[in-house]
>>> print(open('query31.txt').read())   # compact mmCIF, C-alpha atoms
# COMPACT_ATOMS: atom_id res chain seq x y z
CA MET A 547 -17.09 11.23 41.56
CA THR A 548 -15.58 11.02 38.07
CA THR A 549 -15.80 8.07 35.71
CA GLN A 550 -12.52 7.13 34.06
CA THR A 551 -12.43 5.84 30.49
CA PRO A 552 -11.03 2.30 30.47
CA LYS A 553 -7.51 2.23 29.07
CA MET A 554 -7.15 0.44 25.74
CA SER A 555 -4.95 -2.61 25.58
CA ARG A 556 -2.16 -2.48 23.04
CA ALA A 557 -3.99 -4.91 20.75
CA GLU A 558 -7.15 -2.77 20.93
CA LEU A 559 -5.16 0.36 20.15
CA LEU A 560 -3.58 -1.23 17.06
CA ARG A 561 -7.02 -2.33 15.82
CA ALA A 562 -8.77 0.95 16.68
CA SER A 563 -10.43 2.93 13.90
CA PRO A 564 -10.62 6.56 15.04
CA PRO A 565 -12.57 9.12 12.99
CA MET A 566 -10.47 11.09 10.51
CA PHE A 567 -13.03 13.79 9.77
CA GLU A 568 -15.82 15.56 11.64
CA SER A 569 -18.05 14.96 8.62
CA LYS A 570 -19.66 11.52 8.91
CA LEU A 571 -19.79 11.24 5.11
CA LEU A 572 -16.08 11.98 4.65
CA ASP A 573 -15.19 9.65 7.49
CA ARG A 574 -17.27 6.86 5.95
CA LEU A 575 -15.46 7.36 2.64
CA SER A 576 -12.11 6.92 4.43
CA ARG A 577 -13.05 3.34 5.37
CA VAL A 578 -12.81 0.78 2.56
CA HIS A 579 -13.59 -2.93 2.48
CA PRO A 580 -10.61 -4.86 1.03
CA ALA A 581 -12.80 -6.30 -1.73
CA VAL A 582 -13.38 -2.84 -3.24
CA PRO A 583 -10.04 -2.59 -5.14
CA VAL A 584 -10.65 -6.04 -6.62
CA ILE A 585 -14.15 -5.08 -7.76
CA ILE A 586 -12.87 -1.88 -9.39
CA PHE A 587 -9.49 -2.88 -10.81
CA ALA A 588 -9.82 -6.56 -11.77
CA PRO A 589 -12.29 -5.82 -14.63
CA ALA A 590 -10.19 -2.86 -15.78
CA ILE A 591 -7.00 -4.95 -15.82
CA THR A 592 -8.75 -7.70 -17.77
CA ALA A 593 -10.11 -5.19 -20.30
CA PHE A 594 -6.68 -3.57 -20.76
CA PHE A 595 -5.06 -6.96 -21.40
CA VAL A 596 -7.77 -7.89 -23.90
CA VAL A 597 -7.51 -4.60 -25.84
CA ALA A 598 -3.71 -4.87 -25.86
CA ALA A 599 -3.84 -8.49 -27.07
CA ILE A 600 -6.17 -7.55 -29.91
CA ASN A 601 -3.70 -4.97 -31.15
CA MET A 602 -0.30 -6.56 -30.38
CA SER A 603 1.41 -9.92 -30.31
CA ALA A 604 1.31 -11.90 -27.07
CA LEU A 605 5.07 -11.44 -26.60
CA ARG A 606 4.79 -7.65 -26.86
CA VAL A 607 1.86 -7.60 -24.45
CA ILE A 608 3.82 -9.60 -21.89
CA GLY A 609 6.90 -7.43 -22.33
CA TYR A 610 5.09 -4.12 -21.95
CA ALA A 611 3.00 -5.45 -19.06
CA ALA A 612 6.25 -6.43 -17.34
CA LEU A 613 7.46 -2.86 -17.91
CA GLY A 614 4.24 -1.59 -16.34
CA TYR A 615 4.78 -3.78 -13.30
CA LEU A 616 8.37 -2.50 -13.01
CA ILE A 617 7.07 1.08 -13.06
CA TRP A 618 4.52 0.18 -10.38
CA SER A 619 7.08 -1.49 -8.10
CA LEU A 620 9.29 1.61 -8.24
CA SER A 621 6.23 3.80 -7.63
CA GLU A 622 5.26 1.69 -4.61
CA TYR A 623 8.71 2.16 -3.09
CA TRP A 624 9.10 5.88 -3.74
CA ILE A 625 5.52 6.87 -2.90
CA HIS A 626 5.87 5.07 0.41
CA ARG A 627 9.29 6.54 1.12
CA ILE A 628 8.91 10.13 -0.10
CA ILE A 629 5.20 10.90 0.23
CA PHE A 630 3.85 8.60 2.94
CA HIS A 631 6.84 9.18 5.22
CA PHE A 632 7.21 12.91 4.71
CA GLU A 633 6.37 13.94 8.29
CA PRO A 634 5.93 17.67 9.02
CA GLU A 635 5.84 18.38 12.76
CA ASP A 636 2.75 20.58 12.86
CA GLY A 637 0.12 22.49 10.91
CA LEU A 638 -1.71 21.36 7.79
CA GLY A 639 1.22 19.23 6.64
CA ALA A 640 1.15 17.19 9.84
CA ARG A 641 -2.61 16.75 9.52
CA LEU A 642 -2.30 15.59 5.89
CA HIS A 643 0.47 13.15 6.80
CA TRP A 644 -1.69 11.61 9.53
CA ILE A 645 -4.63 11.23 7.13
CA ILE A 646 -2.51 9.79 4.31
CA HIS A 647 -0.33 7.39 6.30
CA GLY A 648 0.16 8.35 9.95
CA VAL A 649 -3.15 6.80 11.01
CA HIS A 650 -1.98 3.49 9.54
CA HIS A 651 1.15 3.52 11.68
CA ASP A 652 -0.83 4.49 14.79
CA HIS A 653 -3.52 1.84 14.16
CA PRO A 654 -1.97 -0.65 11.71
CA ASN A 655 -4.59 -3.36 12.25
CA ASP A 656 -7.59 -1.20 11.39
CA PRO A 657 -9.18 -3.51 8.77
CA LEU A 658 -10.97 -0.72 6.88
CA ARG A 659 -7.94 1.53 6.35
CA LEU A 660 -5.49 -0.83 4.73
CA VAL A 661 -6.40 -0.36 1.06
CA MET A 662 -6.58 2.89 -0.86
CA PRO A 663 -10.02 4.54 -1.04
CA PRO A 664 -11.50 4.72 -4.58
CA SER A 665 -11.80 8.49 -4.17
CA VAL A 666 -7.98 8.50 -4.33
CA SER A 667 -7.09 5.40 -6.33
CA VAL A 668 -9.42 6.03 -9.28
CA PRO A 669 -8.27 9.61 -10.05
CA LEU A 670 -4.63 8.61 -9.57
CA SER A 671 -4.95 5.57 -11.81
CA THR A 672 -6.66 7.68 -14.47
CA GLY A 673 -3.77 10.12 -14.33
CA PHE A 674 -1.23 7.32 -14.66
CA PHE A 675 -3.06 5.85 -17.66
CA PHE A 676 -3.05 9.16 -19.51
CA ALA A 677 0.64 9.55 -18.66
CA PHE A 678 1.32 6.14 -20.21
CA TRP A 679 -0.74 7.13 -23.24
CA GLY A 680 1.26 10.32 -23.65
CA ILE A 681 4.61 8.54 -23.24
CA PHE A 682 4.04 5.26 -25.10
CA GLY A 683 0.98 5.91 -27.26
CA LEU A 684 -1.68 3.33 -28.06
CA PRO A 685 -1.86 0.33 -28.05
CA ILE A 686 1.31 0.02 -25.92
CA ALA A 687 -0.26 2.06 -23.12
CA TRP A 688 -2.96 -0.58 -22.67
CA ALA A 689 -0.39 -3.27 -21.86
CA VAL A 690 1.76 -1.00 -19.69
CA ALA A 691 -1.32 0.10 -17.73
CA ALA A 692 -2.46 -3.51 -17.32
CA GLY A 693 0.87 -4.48 -15.75
CA PHE A 694 0.96 -1.33 -13.62
CA PHE A 695 -2.56 -1.81 -12.23
CA LEU A 696 -1.99 -5.52 -11.70
CA GLY A 697 1.04 -4.58 -9.58
CA TYR A 698 -1.04 -2.05 -7.66
CA LEU A 699 -3.81 -4.58 -6.97
CA ALA A 700 -1.26 -7.17 -5.84
CA TYR A 701 0.25 -4.57 -3.49
CA ASP A 702 -3.11 -3.64 -1.93
CA MET A 703 -4.08 -7.28 -1.40
CA THR A 704 -0.62 -8.19 -0.09
CA HIS A 705 -0.72 -5.31 2.38
CA TYR A 706 -4.10 -6.39 3.73
CA HIS A 707 -2.97 -10.03 3.89
CA LEU A 708 0.19 -9.19 5.85
CA HIS A 709 -1.81 -7.39 8.53
CA HIS A 710 -4.81 -9.69 8.83
CA HIS A 711 -3.89 -13.23 7.83
CA THR A 712 -1.35 -15.78 8.98
CA SER A 713 0.51 -16.81 5.86
CA ARG A 714 1.09 -20.50 5.17
CA THR A 715 3.84 -19.87 2.65
CA ARG A 716 7.51 -19.09 3.22
CA LEU A 717 7.25 -16.00 0.99
CA GLY A 718 4.22 -14.70 2.88
CA ARG A 719 5.93 -15.14 6.26
CA TYR A 720 9.04 -13.41 4.90
CA LEU A 721 7.07 -10.41 3.58
CA ARG A 722 5.11 -10.17 6.84
CA GLU A 723 8.29 -10.16 8.88
CA LEU A 724 9.77 -7.37 6.77
CA HIS A 725 6.61 -5.27 6.98
CA MET A 726 6.20 -5.77 10.74
CA ARG A 727 9.81 -4.70 11.16
CA HIS A 728 8.94 -1.53 9.23
CA HIS A 729 6.06 -0.88 11.64
CA PHE A 730 7.62 -1.90 14.93
CA GLN A 731 11.40 -1.79 14.49
CA ASP A 732 12.39 1.01 12.11
CA HIS A 733 9.87 2.96 10.03
CA THR A 734 12.71 4.70 8.14
CA ARG A 735 13.50 1.42 6.36
CA GLY A 736 11.58 -1.35 4.64
CA TYR A 737 9.47 0.73 2.25
CA GLY A 738 8.87 -2.05 -0.27
CA ILE A 739 5.82 -4.10 0.74
CA SER A 740 5.08 -6.30 -2.25
CA ALA A 741 8.47 -5.46 -3.83
CA PRO A 742 11.04 -5.41 -0.99
CA TYR A 743 14.00 -5.85 -3.34
CA TRP A 744 14.08 -2.09 -4.01
CA ASP A 745 15.14 -1.59 -0.38
CA ARG A 746 18.29 -3.52 -1.27
CA VAL A 747 18.87 -1.32 -4.32
CA PHE A 748 18.28 2.00 -2.55
CA GLY A 749 19.96 1.24 0.77
CA THR A 750 16.93 1.00 3.06
CA TRP A 751 17.01 -2.72 3.79
CA LEU A 752 15.98 -3.73 7.31
CA ASP A 753 18.46 -5.63 9.45
CA ARG A 754 16.76 -8.99 10.03
CA SER A 755 19.35 -9.93 12.66
CA LYS A 756 17.68 -7.52 15.09
CA ARG A 757 14.68 -8.68 17.05
CA ALA A 758 11.42 -7.17 15.83
CA GLU A 759 8.42 -6.56 18.04
CA ARG A 760 5.55 -8.85 17.07
CA ALA A 761 2.22 -7.25 16.27
CA PRO A 762 -0.81 -8.72 18.05
CA GLU A 763 -2.95 -10.91 15.78
>>> encode(input="query31.txt", output="structure tokens")
Amino acid sequence: MTTQTPKMSRAELLRASPPMFESKLLDRLSRVHPAVPVIIFAPAITAFFVVAAINMSALRVIGYAALGYLIWSLSEYWIHRIIFHFEPEDGLGARLHWIIHGVHHDHPNDPLRLVMPPSVSVPLSTGFFFAFWGIFGLPIAWAVAAGFFLGYLAYDMTHYHLHHHTSRTRLGRYLRELHMRHHFQDHTRGYGISAPYWDRVFGTWLDRSKRAERAPE
């Protein structure tokens, strides 16, 4: 007599957190509490703003920080569209896609795989900062980086919020609807999460007149 594994409900499947790696250490590093980006990036953002303000006028700091946010919002859109949704059918490419983003679409309510692991976010952010330094020089790079990383942190927290909280604001409900449509209606559209206006600009806006499947809470 064989014992059958109970079939997962749809809600359980969406919340499941399957192992990514055979190594327990690597798999543990792939799971991140949503407070981790705040702990890492909030002090850095504050320090960048302070250093920029010491060396520039408040108006220049605000202007260059706004430029940094603009760069982030475009990065959010194009990274999601080009890198996260580049989907090879097999081989190493398919495996990398599943690790980077496919697992999120298979199990979108996994609470520990909704923000970027520090093993990825810290090296990438370091690279972006040095790129800003090379392009703008100091002290402008401090303000640009502050706006860029503030945009990134807002994105990570927004993404977690849309999947795990019921928003009480009109804006929050609107962003959640758009993101759930990306997950459950058409994953080839709706790449902007915290900055959905770029979907309008680049022709990937989701048709809100169509009925979207609601994700289980």
>>> residues_around(input="query31.txt", residues="Pro583 in chain A", least_positions_apart="5", cutoff="10 Å", atoms="all atoms listed in the file", output="list in words")
Val578, Ala588, Val661, Met662, Pro663, Pro664, Ser667, Val668, Tyr698, Leu699, Ala700, Asp702 and Met703 of chain A
>>> atom_distance(input="query31.txt", atom1="CA of Thr592 in chain A", atom2="CA of Ile739 in chain A")
23.8 Å
>>> atom_distance(input="query31.txt", atom1="CA of Ile625 in chain A", atom2="CA of Arg606 in chain A")
28.0 Å
>>> closest_residue(input="query31.txt", among="A:Val582, A:Ala741, A:Ala599, A:Ala604", to="Gly697 in chain A", atoms="all atoms listed in the file")
A:Ala741
>>> closest_residue(input="query31.txt", among="A:Ala677, A:Leu717, A:Ala687, A:Ile628", to="Phe594 in chain A", atoms="all atoms listed in the file")
A:Ala687
>>> atom_distance(input="query31.txt", atom1="CA of Ala598 in chain A", atom2="CA of Ala692 in chain A")
8.7 Å
>>> closest_residue(input="query31.txt", among="A:Phe587, A:Trp751, A:Trp688, A:Phe674", to="Ser621 in chain A", atoms="only C-alpha atoms")
A:Phe674
>>> closest_residue(input="query31.txt", among="A:Arg577, A:His707, A:His733, A:Arg746", to="Arg719 in chain A", atoms="all atoms listed in the file")
A:His707
>>> residues_around(input="query31.txt", residues="Gly738 in chain A", least_positions_apart="4", cutoff="7 Å", atoms="all atoms listed in the file", output="list in words")
Glu622, Tyr623, Pro742, Trp744 and Asp745 of chain A
>>> residues_around(input="query31.txt", residues="Gly614 in chain A", least_positions_apart="3", cutoff="9 Å", atoms="all atoms listed in the file", output="PDB file with C-alpha atoms, keeping the file's coordinate frame")
ATOM      1  CA  GLY A 609       6.900  -7.430 -22.330  1.00  0.00           C
ATOM      2  CA  TYR A 610       5.090  -4.120 -21.950  1.00  0.00           C
ATOM      3  CA  ALA A 611       3.000  -5.450 -19.060  1.00  0.00           C
ATOM      4  CA  ILE A 617       7.070   1.080 -13.060  1.00  0.00           C
ATOM      5  CA  TRP A 618       4.520   0.180 -10.380  1.00  0.00           C
ATOM      6  CA  SER A 619       7.080  -1.490  -8.100  1.00  0.00           C
ATOM      7  CA  ALA A 687      -0.260   2.060 -23.120  1.00  0.00           C
ATOM      8  CA  ALA A 689      -0.390  -3.270 -21.860  1.00  0.00           C
ATOM      9  CA  VAL A 690       1.760  -1.000 -19.690  1.00  0.00           C
ATOM     10  CA  ALA A 691      -1.320   0.100 -17.730  1.00  0.00           C
ATOM     11  CA  ALA A 692      -2.460  -3.510 -17.320  1.00  0.00           C
ATOM     12  CA  GLY A 693       0.870  -4.480 -15.750  1.00  0.00           C
ATOM     13  CA  PHE A 694       0.960  -1.330 -13.620  1.00  0.00           C
ATOM     14  CA  PHE A 695      -2.560  -1.810 -12.230  1.00  0.00           C
ATOM     15  CA  LEU A 696      -1.990  -5.520 -11.700  1.00  0.00           C
ATOM     16  CA  GLY A 697       1.040  -4.580  -9.580  1.00  0.00           C
TER      17      GLY A 697
END
>>> closest_residue(input="query31.txt", among="A:Ala581, A:Ser665, A:Gly683, A:Leu752", to="Gln731 in chain A", atoms="all atoms listed in the file")
A:Leu752
>>> closest_residue(input="query31.txt", among="A:Arg716, A:Arg722, A:His711, A:His728", to="Arg627 in chain A", atoms="only C-alpha atoms")
A:His728
